[in-house]
Amino acid sequence: MSTAPDAKAIKEALRKYFEEHLRQTTTGIRFNNPSDQEEAVEIAQSDYWSALESLTAPVYASEEKEVAELISNSGWNEEGVNQLTRDEILDGIREAQAESLRILLAKLKGKDENEITPQGRFKPEAVQTANVETYTNLPPTAKAITLDDFITKYCDKQEEDEWWDVKTRPNHESDLRLFAAFVGKDKKMHEITADDVIKYEALLRKKPKNFSKAKRYRNKSLEEAVAMAKESEWITAQTASKHYANVNQLFDSAQIDFRCIKANPVPAKLRRRIKIKKKKRLPYSKEQLEKWFGSARFNRADGFKKSFKFWFPLILLFSGGRSAEISMLRLKDIRKDPETGIYYFDITPYEYRRLKNTPSVRKVPIHPFLIRQGFLEYVKDLKRKKEHMLFPENMGAKSPSDSAGKKIRRERDELKIKLKEKDQGQYMLDIHSFRGNFTDALRNAGVVVEHRDLLTGRTVRNPETAKESSDSSYGENNPMRLKYECICKVKYPLDWEKLLKPAAPPKRGRKKTVTPRVRRAPAPLPESE
């Protein structure tokens, strides 16, 4: 038994794993009718993109077990395999799974088997060694495409395939153009090396927060801006990872979809660092909710009840919706179920609102508390004014959902609602903390997890395998009455009658009556004798 495998042994073991996994994945593809084929393609497409995302995901317990099994089946001494080798094996396993799903998807779409060639590290040896500069099944102009031109093609495809909506493209494209400015926009795609992306990633972490807006950075390159910025002005590690993830996806698409490069130049170690651990979001405490909804700012007597600032936080608290879902509600999304007479929010995607995932498409009953507070009267008043949006105040902004979040954050900051010192650094408190309050209220009321996810639009995943649980497929065919019964159980230990009582108008003292002083004419001078 060998103590430590060499590179050749690892390569051979991963190739055997890939061939076995491919055989299990693509065996028995038969369809009774076209609808079955369409459904299979849709499922395979979803699985394939999930596999690509897993390339940068944390290591799960099931994957550690799979690595251990491969080491054992290869006859290696597990104690002699260091962590670096384990990471390499894990990367190979993930790539094998993604590549087998790519081949499965091609077969499901009807592509001839002779045209399907494994890519990346699983290319046939004859193709790999014949000529290192040869690209398989590529158009003649593939090697000539520049980074600048490819970014345009990539962004167009993302928009055509509806992976991006109208407001997503500018954000992603600006990150990619920044990378092109650093590397060289006229550089050929296949000439970009791992050193280029490593240097860019190190520089990106020192990017100033207001790089694209501040006058001091106008007409400055990224290198010049980094030299000018202080460490306190750098973007957060999480923001840098999001920007860098866009670059990684660009190269994934170049390799898999456009096939104009042989491999993604982003090193595997760096791809795994893209997804960093996020801070845990805390729900608002009872004291914080009382401070928010009991403040004079919230209960002003000057028509505040007809305002976005009144209804938006209340709806978040009693619906569990995401900020983008609620802020972009249209008036026609407030509907009445014809069978039960229950009013509900119809959360569906449209041109200006793209939902997070498939379970996000749902119907959420309106909590009776909101109706008692006059929510339906608020909706009728907007219809009389011929408005179309539930919150028309935000529609003038470039991004209405972002504008809504900024307004609520401003209210929270002015009320001085913040984390305790012991929670700072590892937790956060934001607009989606209302969603945490809603979930806790359902859990405390004994609502089962399937119904909680049905109302909040979540997908249940097993933390050990990162796969979708069977409980998460609890479908949308459930009756409205069931969901209404669940949402009626949402209660908070707050004295709402006291909190939502409108603040009295400011007292005005009685005006003092001021008698104008009358200027008397001067007394006549005494007549001289």
# chains A, B, ... in the order shown; residues from 1 in each chain; ligands from 1

$ residues_around --residues "stretch 369-372 of chain A" --least-positions-apart "4" --cutoff "8 Å" --atoms "only C-alpha atoms" --output "PDB file with all heavy atoms, in the first residue's frame"
ATOM      1  N   LEU A 314     -44.581  46.942   8.521  1.00  0.00           N
ATOM      2  CA  LEU A 314     -45.646  46.096   9.070  1.00  0.00           C
ATOM      3  C   LEU A 314     -45.910  44.882   8.169  1.00  0.00           C
ATOM      4  O   LEU A 314     -46.112  43.767   8.657  1.00  0.00           O
ATOM      5  CB  LEU A 314     -46.941  46.902   9.238  1.00  0.00           C
ATOM      6  CG  LEU A 314     -47.070  47.751  10.506  1.00  0.00           C
ATOM      7  CD1 LEU A 314     -48.410  48.457  10.529  1.00  0.00           C
ATOM      8  CD2 LEU A 314     -46.915  46.894  11.763  1.00  0.00           C
ATOM      9  N   ILE A 315     -45.912  45.104   6.863  1.00  0.00           N
ATOM     10  CA  ILE A 315     -46.149  43.986   5.948  1.00  0.00           C
ATOM     11  C   ILE A 315     -44.997  42.986   6.026  1.00  0.00           C
ATOM     12  O   ILE A 315     -45.211  41.767   6.015  1.00  0.00           O
ATOM     13  CB  ILE A 315     -46.326  44.508   4.507  1.00  0.00           C
ATOM     14  CG1 ILE A 315     -47.612  45.330   4.398  1.00  0.00           C
ATOM     15  CG2 ILE A 315     -46.383  43.352   3.516  1.00  0.00           C
ATOM     16  CD1 ILE A 315     -47.804  46.006   3.067  1.00  0.00           C
ATOM     17  N   PHE A 318     -45.527  40.864   9.133  1.00  0.00           N
ATOM     18  CA  PHE A 318     -46.687  39.962   9.175  1.00  0.00           C
ATOM     19  C   PHE A 318     -46.852  39.116   7.909  1.00  0.00           C
ATOM     20  O   PHE A 318     -47.858  38.430   7.773  1.00  0.00           O
ATOM     21  CB  PHE A 318     -47.960  40.768   9.416  1.00  0.00           C
ATOM     22  CG  PHE A 318     -48.149  41.163  10.853  1.00  0.00           C
ATOM     23  CD1 PHE A 318     -47.690  42.391  11.314  1.00  0.00           C
ATOM     24  CD2 PHE A 318     -48.760  40.306  11.760  1.00  0.00           C
ATOM     25  CE1 PHE A 318     -47.858  42.768  12.629  1.00  0.00           C
ATOM     26  CE2 PHE A 318     -48.925  40.672  13.087  1.00  0.00           C
ATOM     27  CZ  PHE A 318     -48.467  41.907  13.530  1.00  0.00           C
ATOM     28  N   LEU A 376     -56.654  47.489   3.361  1.00  0.00           N
ATOM     29  CA  LEU A 376     -57.473  47.462   2.148  1.00  0.00           C
ATOM     30  C   LEU A 376     -57.966  48.856   1.785  1.00  0.00           C
ATOM     31  O   LEU A 376     -58.101  49.185   0.597  1.00  0.00           O
ATOM     32  CB  LEU A 376     -58.656  46.505   2.338  1.00  0.00           C
ATOM     33  CG  LEU A 376     -58.284  45.019   2.561  1.00  0.00           C
ATOM     34  CD1 LEU A 376     -59.534  44.185   2.732  1.00  0.00           C
ATOM     35  CD2 LEU A 376     -57.440  44.499   1.399  1.00  0.00           C
TER      36      LEU A 376
END

$ residues_around --residues "A:Glu485" --least-positions-apart "6" --cutoff "10 Å" --atoms "only C-alpha atoms" --output "list in words"
Pro365, His367 and Val447 of chain A

$ write_last_selection --atoms "C-alpha atoms" --output "PDB file, in the first residue's frame"
ATOM      1  CA  PRO A 365     -52.626  35.428   2.751  1.00  0.00           C
ATOM      2  CA  HIS A 367     -52.745  38.806   7.940  1.00  0.00           C
ATOM      3  CA  VAL A 447     -46.350  25.537  12.471  1.00  0.00           C
TER       4      VAL A 447
END

$ closest_atom_pairs --of "stretch 218-318 of chain A" --to "stretch 189-208 of chain A" --cutoff "12 Å" --atoms "only C-alpha atoms" --output "tab-separated table"
residue	atom	partner	partner_atom	distance
A:Lys220	CA	A:Pro208	CA	11.7
A:Ser221	CA	A:Lys207	CA	10.6
A:Leu222	CA	A:Lys207	CA	7.1
A:Glu223	CA	A:Leu203	CA	7.4
A:Glu224	CA	A:Lys207	CA	10.0
A:Ala225	CA	A:Pro208	CA	7.0
A:Val226	CA	A:Lys207	CA	5.6
A:Ala227	CA	A:Lys206	CA	8.9
A:Met228	CA	A:Pro208	CA	8.8
A:Ala229	CA	A:Pro208	CA	6.0
A:Lys230	CA	A:Pro208	CA	8.1
A:Glu231	CA	A:Lys206	CA	7.3
A:Ser232	CA	A:Pro208	CA	8.9
A:Glu233	CA	A:Pro208	CA	5.4
A:Trp234	CA	A:Pro208	CA	4.6
A:Ile235	CA	A:Pro208	CA	5.8
A:Thr236	CA	A:Arg205	CA	7.4
A:Ala237	CA	A:Arg205	CA	6.4
A:Gln238	CA	A:Arg205	CA	9.3
A:Thr239	CA	A:Arg205	CA	8.6
A:Ala240	CA	A:Arg205	CA	5.6
A:Ser241	CA	A:Arg205	CA	8.3
A:Lys242	CA	A:Leu204	CA	10.7
A:His243	CA	A:Leu204	CA	8.3
A:Tyr244	CA	A:Glu201	CA	6.8
A:Ala245	CA	A:Glu201	CA	10.1
A:Asn246	CA	A:Glu201	CA	11.7
A:Val247	CA	A:Val197	CA	8.7
A:Asn248	CA	A:Val197	CA	9.2
A:Leu250	CA	A:Met189	CA	10.6
A:Phe251	CA	A:Met189	CA	8.9
A:Ser253	CA	A:Met189	CA	11.9
A:Ala254	CA	A:Met189	CA	8.4
A:Gln255	CA	A:His190	CA	10.0
A:Phe258	CA	A:Met189	CA	11.3
A:Arg259	CA	A:His190	CA	10.4
A:Cys260	CA	A:His190	CA	7.2
A:Ile261	CA	A:His190	CA	5.3
A:Lys262	CA	A:His190	CA	7.6
A:Ala263	CA	A:His190	CA	8.9
A:Asn264	CA	A:Ala194	CA	8.6
A:Pro265	CA	A:Ala194	CA	4.8
A:Val266	CA	A:Ala194	CA	5.7
A:Pro267	CA	A:Ala194	CA	6.5
A:Ala268	CA	A:Ala194	CA	10.3
A:Lys269	CA	A:Ile198	CA	10.6
A:Leu270	CA	A:Ile198	CA	8.0
A:Arg271	CA	A:Ile198	CA	10.6
A:Arg273	CA	A:Glu201	CA	10.7
A:Ile274	CA	A:Glu201	CA	9.9

$ write_last_selection --atoms "C-alpha atoms" --output "JSON list (two decimals), in the first residue's frame"
[["chain", "number", "residue", "atom", "x", "y", "z"],
["A", 220, "LYS", "CA", -8.39, 57.05, -12.17],
["A", 221, "SER", "CA", -7.47, 53.42, -12.73],
["A", 222, "LEU", "CA", -8.08, 50.81, -10.06],
["A", 223, "GLU", "CA", -4.38, 50.75, -9.17],
["A", 224, "GLU", "CA", -4.31, 54.55, -8.75],
["A", 225, "ALA", "CA", -7.48, 54.53, -6.64],
["A", 226, "VAL", "CA", -6.11, 51.79, -4.37],
["A", 227, "ALA", "CA", -2.92, 53.81, -3.85],
["A", 228, "MET", "CA", -5.01, 56.83, -2.80],
["A", 229, "ALA", "CA", -7.44, 55.00, -0.47],
["A", 230, "LYS", "CA", -6.93, 54.30, 3.22],
["A", 231, "GLU", "CA", -7.57, 50.87, 4.69],
["A", 232, "SER", "CA", -10.74, 52.14, 6.41],
["A", 233, "GLU", "CA", -12.12, 53.06, 2.96],
["A", 234, "TRP", "CA", -11.76, 49.56, 1.42],
["A", 235, "ILE", "CA", -14.81, 47.53, 0.45],
["A", 236, "THR", "CA", -15.69, 44.58, 2.69],
["A", 237, "ALA", "CA", -14.35, 41.09, 1.96],
["A", 238, "GLN", "CA", -17.90, 39.94, 1.20],
["A", 239, "THR", "CA", -18.41, 42.70, -1.39],
["A", 240, "ALA", "CA", -15.06, 41.92, -3.01],
["A", 241, "SER", "CA", -16.02, 38.24, -3.22],
["A", 242, "LYS", "CA", -19.27, 39.13, -5.00],
["A", 243, "HIS", "CA", -17.39, 41.23, -7.57],
["A", 244, "TYR", "CA", -14.81, 38.50, -8.08],
["A", 245, "ALA", "CA", -17.50, 35.83, -8.42],
["A", 246, "ASN", "CA", -18.74, 37.64, -11.55],
["A", 247, "VAL", "CA", -15.29, 37.27, -13.10],
["A", 248, "ASN", "CA", -15.21, 33.57, -12.19],
["A", 250, "LEU", "CA", -17.40, 34.79, -16.95],
["A", 251, "PHE", "CA", -14.60, 32.25, -17.38],
["A", 253, "SER", "CA", -19.18, 30.43, -19.36],
["A", 254, "ALA", "CA", -16.20, 30.94, -21.69],
["A", 255, "GLN", "CA", -15.12, 27.36, -21.06],
["A", 258, "PHE", "CA", -18.77, 29.40, -25.60],
["A", 259, "ARG", "CA", -15.80, 27.00, -25.46],
["A", 260, "CYS", "CA", -13.26, 29.64, -26.36],
["A", 261, "ILE", "CA", -10.83, 28.69, -23.57],
["A", 262, "LYS", "CA", -9.56, 25.28, -22.47],
["A", 263, "ALA", "CA", -9.92, 25.84, -18.74],
["A", 264, "ASN", "CA", -10.98, 28.47, -16.24],
["A", 265, "PRO", "CA", -7.78, 30.35, -15.23],
["A", 266, "VAL", "CA", -9.15, 31.08, -11.75],
["A", 267, "PRO", "CA", -7.28, 28.69, -9.39],
["A", 268, "ALA", "CA", -9.42, 26.17, -7.51],
["A", 269, "LYS", "CA", -8.20, 27.47, -4.15],
["A", 270, "LEU", "CA", -9.26, 30.98, -5.09],
["A", 271, "ARG", "CA", -12.68, 29.85, -6.34],
["A", 273, "ARG", "CA", -12.55, 31.50, -1.21],
["A", 274, "ILE", "CA", -15.16, 33.38, -3.23]]

$ residues_around --residues "A:Ile347" --least-positions-apart "2" --cutoff "12 Å" --atoms "only C-alpha atoms" --output "number ranges by chain"
A: 319-335, 344-345, 349-350, 353-366, 455-457

$ atom_distance --atom1 "atom CA of A:Leu382" --atom2 "atom CA of A:Ile342"
20.4 Å

$ closest_residue --among "A:Ile10, A:Tyr17, A:Phe391, A:Gly120" --to "A:Glu88" --atoms "only C-alpha atoms"
A:Ile10

$ closest_residue --among "A:Phe150, A:Tyr284, A:Trp311, A:Phe438" --to "A:Cys488" --atoms "only C-alpha atoms"
A:Phe438

$ residues_around --residues "A:Asn82" --least-positions-apart "5" --cutoff "12 Å" --atoms "only C-alpha atoms" --output "number ranges by chain"
A: 3-6, 68, 71, 76-77, 87-89

$ atom_distance --atom1 "atom CA of A:Thr439" --atom2 "atom CA of A:Arg452"
6.9 Å
